[in-house]
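As provided, work01.cif (mmCIF, C-alpha atoms and all ligand atoms) reads as follows.
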data_model
loop_
_atom_site.label_atom_id
_atom_site.label_comp_id
_atom_site.auth_asym_id
_atom_site.auth_seq_id
_atom_site.Cartn_x
_atom_site.Cartn_y
_atom_site.Cartn_z
CA MET J 1 0.00 0.00 0.00
CA LEU J 2 1.22 3.49 -0.78
CA SER J 3 2.22 5.26 2.44
CA ILE J 4 3.47 8.79 2.98
CA ASN J 5 5.13 9.74 6.25
CA MET J 6 5.39 13.48 6.69
CA MET J 7 6.55 15.68 9.53
CA SER J 8 3.74 17.27 11.49
CA PHE J 9 4.09 20.11 13.98
CA PRO J 10 3.21 19.49 17.69
CA GLU J 11 -0.32 18.20 18.41
CA GLY J 12 -0.63 17.24 14.73
CA LYS J 13 -0.77 20.85 13.51
CA SER J 14 0.28 21.40 9.91
CA LYS J 15 1.18 25.12 10.16
CA ALA J 16 3.54 27.24 12.24
CA LEU J 17 3.94 31.00 12.60
CA THR J 18 7.07 32.71 13.90
CA LEU J 19 8.06 36.39 14.10
CA SER J 20 11.48 38.07 14.06
CA TYR J 21 11.88 41.72 15.11
CA ASP J 22 15.16 43.61 15.20
CA ASP J 23 17.08 46.17 17.25
CA GLY J 24 15.34 45.94 20.66
CA VAL J 25 13.56 49.29 20.36
CA LEU J 26 10.98 50.71 22.81
CA GLN J 27 8.15 50.00 20.36
CA ASP J 28 8.76 46.28 21.09
CA LYS J 29 6.66 46.88 24.23
CA ARG J 30 3.54 47.68 22.23
CA LEU J 31 4.25 44.89 19.73
CA ILE J 32 4.75 42.32 22.49
CA SER J 33 1.58 43.35 24.29
CA LEU J 34 -0.30 42.70 21.02
CA MET J 35 1.53 39.40 20.48
CA ASN J 36 0.69 38.28 24.02
CA LYS J 37 -2.96 39.32 23.55
CA TYR J 38 -3.29 37.05 20.51
CA GLY J 39 -0.97 34.25 21.72
CA ILE J 40 1.63 34.94 19.00
CA LYS J 41 5.31 34.17 19.69
CA GLY J 42 8.56 35.35 18.21
CA THR J 43 12.23 36.19 18.42
CA PHE J 44 13.79 39.59 19.15
CA ASN J 45 17.25 40.32 17.81
CA LEU J 46 19.13 42.69 20.12
CA ASN J 47 22.54 44.40 20.12
CA SER J 48 24.33 44.10 23.46
CA GLU J 49 26.21 47.43 23.17
CA ILE J 50 23.07 49.35 22.17
CA ILE J 51 20.94 48.55 25.21
CA GLY J 52 19.10 51.41 26.95
CA LYS J 53 20.24 54.07 24.45
CA VAL J 54 18.23 57.22 23.80
CA ARG J 55 18.29 57.92 20.07
CA SER J 56 16.18 58.89 17.07
CA MET J 57 16.37 59.12 13.30
CA THR J 58 14.78 61.44 10.79
CA VAL J 59 13.32 59.97 7.60
CA ASP J 60 11.58 62.21 5.05
CA GLY J 61 11.30 64.95 7.65
CA ILE J 62 9.65 62.67 10.23
CA ASP J 63 11.41 62.07 13.57
CA ILE J 64 11.24 58.46 14.69
CA ASN J 65 12.16 57.38 18.20
CA THR J 66 14.60 54.46 17.88
CA SER J 67 15.60 54.36 21.57
CA THR J 68 16.26 50.89 22.91
CA VAL J 69 14.90 48.91 25.85
CA SER J 70 16.98 49.17 29.03
CA GLU J 71 18.80 46.25 30.63
CA ASP J 72 16.49 46.04 33.64
CA GLU J 73 13.41 45.75 31.36
CA ILE J 74 14.71 42.95 29.12
CA LEU J 75 13.94 39.93 31.29
CA GLU J 76 10.31 40.84 31.96
CA LEU J 77 9.47 42.24 28.51
CA TYR J 78 10.81 39.37 26.42
CA LYS J 79 10.00 36.53 28.86
CA ASN J 80 7.51 34.64 26.65
CA HIS J 81 9.68 35.06 23.58
CA GLU J 82 13.27 34.46 22.45
CA ILE J 83 16.22 36.83 22.39
CA ALA J 84 18.80 36.30 19.65
CA THR J 85 22.00 38.07 18.60
CA HIS J 86 22.12 40.93 16.09
CA GLY J 87 25.82 41.91 16.49
CA SER J 88 26.95 43.83 19.60
CA LYS J 89 27.45 47.09 17.66
CA HIS J 90 25.03 46.40 14.79
CA SER J 91 27.93 46.45 12.30
CA ALA J 92 27.65 44.96 8.83
CA LEU J 93 29.49 41.70 9.51
CA THR J 94 30.85 41.31 5.99
CA GLY J 95 34.42 42.61 5.61
CA LEU J 96 34.96 42.92 9.36
CA GLY J 97 37.32 39.98 9.76
CA ALA J 98 37.62 38.52 13.24
CA SER J 99 35.74 41.40 14.87
CA ALA J 100 32.55 40.02 13.29
CA LEU J 101 33.09 36.89 15.37
CA GLN J 102 33.72 39.10 18.41
CA GLU J 103 30.39 40.91 17.92
CA ILE J 104 28.49 37.63 18.05
CA ILE J 105 30.42 36.21 20.98
CA ASP J 106 29.98 39.48 22.92
CA ASP J 107 26.20 39.32 22.31
CA ARG J 108 26.04 35.70 23.44
CA ILE J 109 28.00 36.36 26.64
CA TYR J 110 25.96 39.45 27.50
CA PHE J 111 22.52 37.93 26.91
CA GLU J 112 23.38 34.53 28.38
CA ASN J 113 24.45 36.29 31.59
CA LEU J 114 21.10 38.08 31.66
CA LEU J 115 18.82 35.20 30.61
CA CYS J 116 18.38 31.63 31.80
CA TYR J 117 19.00 29.96 28.42
CA ILE J 118 21.71 29.51 25.81
CA VAL J 119 21.44 32.07 23.00
CA ARG J 120 21.78 30.37 19.60
CA GLY J 121 20.06 32.61 17.03
CA HIS J 122 21.02 35.57 14.88
CA ALA J 123 19.57 38.09 12.43
CA TYR J 124 22.05 39.58 9.95
CA PRO J 125 22.43 43.36 10.52
CA PHE J 126 21.38 45.12 7.27
CA GLY J 127 20.70 41.61 5.91
CA LEU J 128 24.36 41.36 4.88
CA TYR J 129 26.29 38.08 4.97
CA ASP J 130 28.68 35.91 2.97
CA ASN J 131 30.30 32.50 3.39
CA ASN J 132 32.93 33.91 5.79
CA VAL J 133 30.22 35.33 8.05
CA ILE J 134 28.28 32.05 7.95
CA ASN J 135 31.42 30.15 8.98
CA MET J 136 32.04 32.59 11.83
CA LEU J 137 28.47 32.13 13.06
CA LYS J 138 29.02 28.37 13.12
CA THR J 139 32.24 28.88 15.10
CA ALA J 140 30.35 31.16 17.49
CA GLY J 141 27.76 28.43 18.19
CA ILE J 142 24.92 30.06 16.25
CA CYS J 143 22.54 27.55 14.66
CA TYR J 144 20.23 29.80 12.63
CA ALA J 145 20.38 33.27 11.06
CA ARG J 146 17.65 35.31 9.36
CA THR J 147 18.14 37.19 6.12
CA VAL J 148 15.90 39.97 4.68
CA LYS J 149 15.02 38.15 1.45
CA SER J 150 11.28 37.56 1.27
CA THR J 151 10.28 34.25 -0.26
CA LYS J 152 6.49 34.83 -0.19
CA THR J 153 6.29 31.09 0.45
CA PHE J 154 5.78 28.95 3.54
CA ASP J 155 8.69 26.62 2.90
CA ILE J 156 10.85 25.32 5.71
CA PRO J 157 14.47 26.33 4.90
CA GLU J 158 17.07 23.81 3.80
CA ASN J 159 19.80 25.81 5.53
CA PHE J 160 18.87 27.56 8.77
CA LEU J 161 21.95 29.82 8.51
CA GLU J 162 20.32 31.41 5.46
CA TRP J 163 16.78 31.54 6.77
CA ASN J 164 14.75 33.62 4.31
CA PRO J 165 11.51 34.97 5.81
CA THR J 166 8.09 34.74 4.16
CA CYS J 167 7.79 38.56 4.12
CA HIS J 168 8.18 41.88 5.94
CA HIS J 169 5.06 43.18 7.70
CA SER J 170 4.83 46.09 5.21
CA ASP J 171 4.53 43.72 2.23
CA LYS J 172 1.48 44.69 0.20
CA ASP J 173 0.54 41.01 -0.01
CA LEU J 174 0.66 40.40 3.75
CA MET J 175 -3.04 39.67 4.20
CA LEU J 176 -3.26 37.71 0.92
CA LEU J 177 -0.43 35.52 2.16
CA ALA J 178 -2.11 35.19 5.58
CA GLU J 179 -5.35 34.09 3.93
CA LYS J 180 -3.58 31.56 1.72
CA PHE J 181 -1.62 30.23 4.71
CA CYS J 182 -4.69 29.84 6.90
CA THR J 183 -7.21 28.51 4.40
CA GLN J 184 -5.23 26.34 1.96
CA ASN J 185 -3.36 23.12 2.68
CA ALA J 186 -0.27 22.00 0.82
CA LEU J 187 -0.21 18.67 -1.03
CA PHE J 188 -0.34 15.74 1.44
CA ASN J 189 -0.68 18.31 4.24
CA LYS J 190 3.02 19.14 4.00
CA PRO J 191 3.89 21.34 7.00
CA GLU J 192 4.11 25.06 6.28
CA LEU J 193 5.80 27.92 8.11
CA PHE J 194 4.87 31.61 7.96
CA TYR J 195 7.89 33.71 8.96
CA LEU J 196 7.24 37.44 9.43
CA TRP J 197 9.92 40.05 10.18
CA GLY J 198 10.41 43.78 10.69
CA HIS J 199 11.31 46.54 13.17
CA SER J 200 8.61 47.66 15.58
CA TYR J 201 9.59 51.37 15.23
CA GLU J 202 8.35 51.12 11.62
CA PHE J 203 4.77 50.97 12.96
CA ASP J 204 5.31 54.46 14.43
CA GLN J 205 7.15 55.63 11.31
CA PHE J 206 4.28 54.68 9.00
CA SER J 207 1.44 55.05 11.56
CA ASN J 208 0.29 51.55 10.71
CA TRP J 209 -0.04 49.59 13.95
CA ASN J 210 -3.41 48.51 12.53
CA VAL J 211 -1.57 46.36 9.94
CA ILE J 212 -0.02 44.07 12.54
CA GLU J 213 -3.09 43.95 14.75
CA GLU J 214 -5.28 42.96 11.79
CA PHE J 215 -2.76 40.26 10.88
CA PHE J 216 -2.71 38.89 14.45
CA GLU J 217 -6.49 39.05 14.76
CA TYR J 218 -7.00 37.18 11.49
CA ILE J 219 -4.37 34.50 11.99
CA SER J 220 -5.29 33.81 15.64
CA LYS J 221 -8.74 32.67 14.47
CA PHE J 222 -7.00 29.64 12.94
CA SER J 223 -5.00 28.78 16.08
CA LYS J 224 -6.41 25.23 16.17
CA ASN J 225 -4.09 24.31 13.30
CA ILE J 226 -1.23 26.80 13.83
CA TRP J 227 1.72 26.39 16.18
CA PHE J 228 2.75 29.84 17.47
CA VAL J 229 6.41 29.59 18.17
CA THR J 230 9.84 31.24 18.52
CA ASN J 231 12.54 30.77 15.89
CA ILE J 232 14.67 28.44 18.02
CA GLU J 233 11.67 26.22 18.81
CA VAL J 234 11.17 25.71 15.06
CA VAL J 235 14.86 24.80 14.61
CA ASP J 236 14.93 22.40 17.57
CA TYR J 237 11.71 20.68 16.52
CA ILE J 238 12.83 20.17 12.92
CA ASN J 239 16.20 18.84 14.08
CA ALA J 240 14.38 16.40 16.39
CA TYR J 241 12.31 15.26 13.39
CA LYS J 242 15.43 14.84 11.25
CA ASN J 243 17.04 12.73 13.99
CA LEU J 244 14.25 10.11 14.05
CA ILE J 245 15.59 6.60 13.43
CA TYR J 246 13.53 4.19 11.31
CA SER J 247 13.56 0.37 11.42
CA ALA J 248 14.70 -1.43 8.27
CA ASP J 249 11.11 -2.39 7.35
CA GLY J 250 9.92 1.20 8.01
CA ASN J 251 7.31 0.05 10.54
CA LYS J 252 8.92 1.42 13.69
CA VAL J 253 10.45 4.79 14.59
CA PHE J 254 12.75 5.62 17.48
CA ASN J 255 12.92 9.20 18.77
CA PRO J 256 16.31 9.83 20.45
CA SER J 257 15.63 13.54 21.11
CA ILE J 258 14.33 15.17 24.31
CA GLN J 259 11.00 16.24 22.80
CA THR J 260 7.95 14.47 21.36
CA VAL J 261 7.83 14.47 17.55
CA TRP J 262 4.59 14.15 15.56
CA LEU J 263 4.29 12.37 12.21
CA ASN J 264 1.50 12.44 9.66
CA CYS J 265 1.44 8.83 8.41
CA THR J 266 -0.84 8.79 5.39
CA GLY J 267 -3.29 11.08 7.17
CA LYS J 268 -2.99 9.51 10.63
CA ILE J 269 -1.26 11.66 13.27
CA ILE J 270 1.15 9.68 15.44
CA SER J 271 3.19 11.11 18.32
CA ILE J 272 6.59 9.65 19.11
CA PRO J 273 7.61 10.54 22.68
CA SER J 274 11.20 11.24 23.63
CA ASN J 275 13.36 8.11 23.94
CA LYS J 276 10.53 5.83 22.74
CA THR J 277 10.06 3.48 19.78
CA VAL J 278 6.58 3.60 18.20
CA TYR J 279 4.87 1.46 15.53
CA ILE J 280 3.76 3.71 12.69
CA SER J 281 2.01 1.20 10.45
ZN ZN C 301 19.04 45.85 12.85
#

Give the structure from the file, written as structure tokens.
Ligand SMILES: [Zn+2]
Amino acid sequence: MLSINMMSFPEGKSKALTLSYDDGVLQDKRLISLMNKYGIKGTFNLNSEIIGKVRSMTVDGIDINTSTVSEDEILELYKNHEIATHGSKHSALTGLGASALQEIIDDRIYFENLLCYIVRGHAYPFGLYDNNVINMLKTAGICYARTVKSTKTFDIPENFLEWNPTCHHSDKDLMLLAEKFCTQNALFNKPELFYLWGHSYEFDQFSNWNVIEEFFEYISKFSKNIWFVTNIEVVDYINAYKNLIYSADGNKVFNPSIQTVWLNCTGKIISIPSNKTVYIS
């Protein structure tokens, strides 16, 4: 009989949504209160040497407050979400030589001293990277890094160190993509990931906080089939899936990881607990 075993997200869900917001600015407070209201989760990419700075920028004659969250606010504000590195000084990491490595290591040390977990993520400042930067990230213990290249798809990346998002929140097709994501299933219920990114000060800059609230309001109506998640939770789950070990006849699966993995076996959802072997046919 024809059988198709496909990864499923936790609880048999076929979709996941993750957010990625940069620079640790004060507007993260309003964004996070909206995310928490709708049960949305995400990752915030901060610069350890630009914490608690008062600053602004002027674009087209409009002053935008780009001040950053202070050290004593970080733990409470970001507690339901993930903090990742963004380079201690927010330098373009290409052409920096070894100091690019230093910027990542400095971020890791700073945030790991502040938080209770190991910091393993990154977003490329200005979206700039090359093979040297990727190799330095690997050396620095970083396991995923976000680019700024929109795919307008819901594909799970082949290489997490070049993790292209679905789109920026200002994309004119944002709600069309949200509708497609929520109402259409891929062939064989292949799992799909919506990855949204931006800077929260842009909502002040363009006076468009309504855009993100409408997106959250719409997508949260489909929460039964969507896993709301941080970036690192996506990476860890997919790695756990990739580490499943199958018996020679394909009837049994062993899960050596520390978390339960779900499979969609020709339409039947099967959970494989940590350190257990399960019959899948
Ligand atoms: Zn940035």

Next item on the list: Kindly provide, as an MDAnalysis selection string, the polymer residues lying within 6 Å of (7.3, 33.1, 6.8), counting all atoms listed in the file and using the coordinates exactly as they appear in the file.
Entry: chainID J and resid 154 165:166 193:196

Hey, could you make a per-residue contact list for chain J against ligand ZN 301 (chain C) with 7 Å as the cut-off, showing the nearest pair of atoms and its distance in Å to one decimal, counting only C-alpha atoms and all ligand atoms, sorted by chain and number, as a tab-separated table?
residue	atom	partner	partner_atom	distance
J:Asp22	CA	C:ZN301	ZN	5.1
J:Asp23	CA	C:ZN301	ZN	4.8
J:His86	CA	C:ZN301	ZN	6.6
J:His90	CA	C:ZN301	ZN	6.3
J:Pro125	CA	C:ZN301	ZN	4.8
J:Phe126	CA	C:ZN301	ZN	6.1

Margin query: Using only C-alpha atoms and a cutoff of 8 Å, can you tell me which residues are near (9.6, 21.8, 3.4) in the file's coordinates, and write them out as a ChimeraX atom specification?
Written below: /J:155-158,190-192

Note to self: To one decimal place in Å, what is the distance between atom CA of J:Pro273 and atom CA of J:Asn231?
What the structure shows: 21.9 Å

Notebook entry, point to check: Which residues come within 9 Å of stretch 9-11 of chain J, counting only C-alpha atoms, excluding same-chain residues fewer than 3 positions away, as JSON, numbers by chain?
Noted result: {"J": [14, 15, 16, 191, 225, 226, 227, 237, 238, 260, 261, 262, 263, 269, 271]}

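One distance worth recording is that between atom CA of J:Asp236 and atom CA of J:Ile83, which is 15.3 Å.
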
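Checking J:Tyr241, J:Tyr246, J:Phe228, J:Tyr38 one by one against J:Lys13, counting only C-alpha atoms, you find the shortest gap at J:Phe228.
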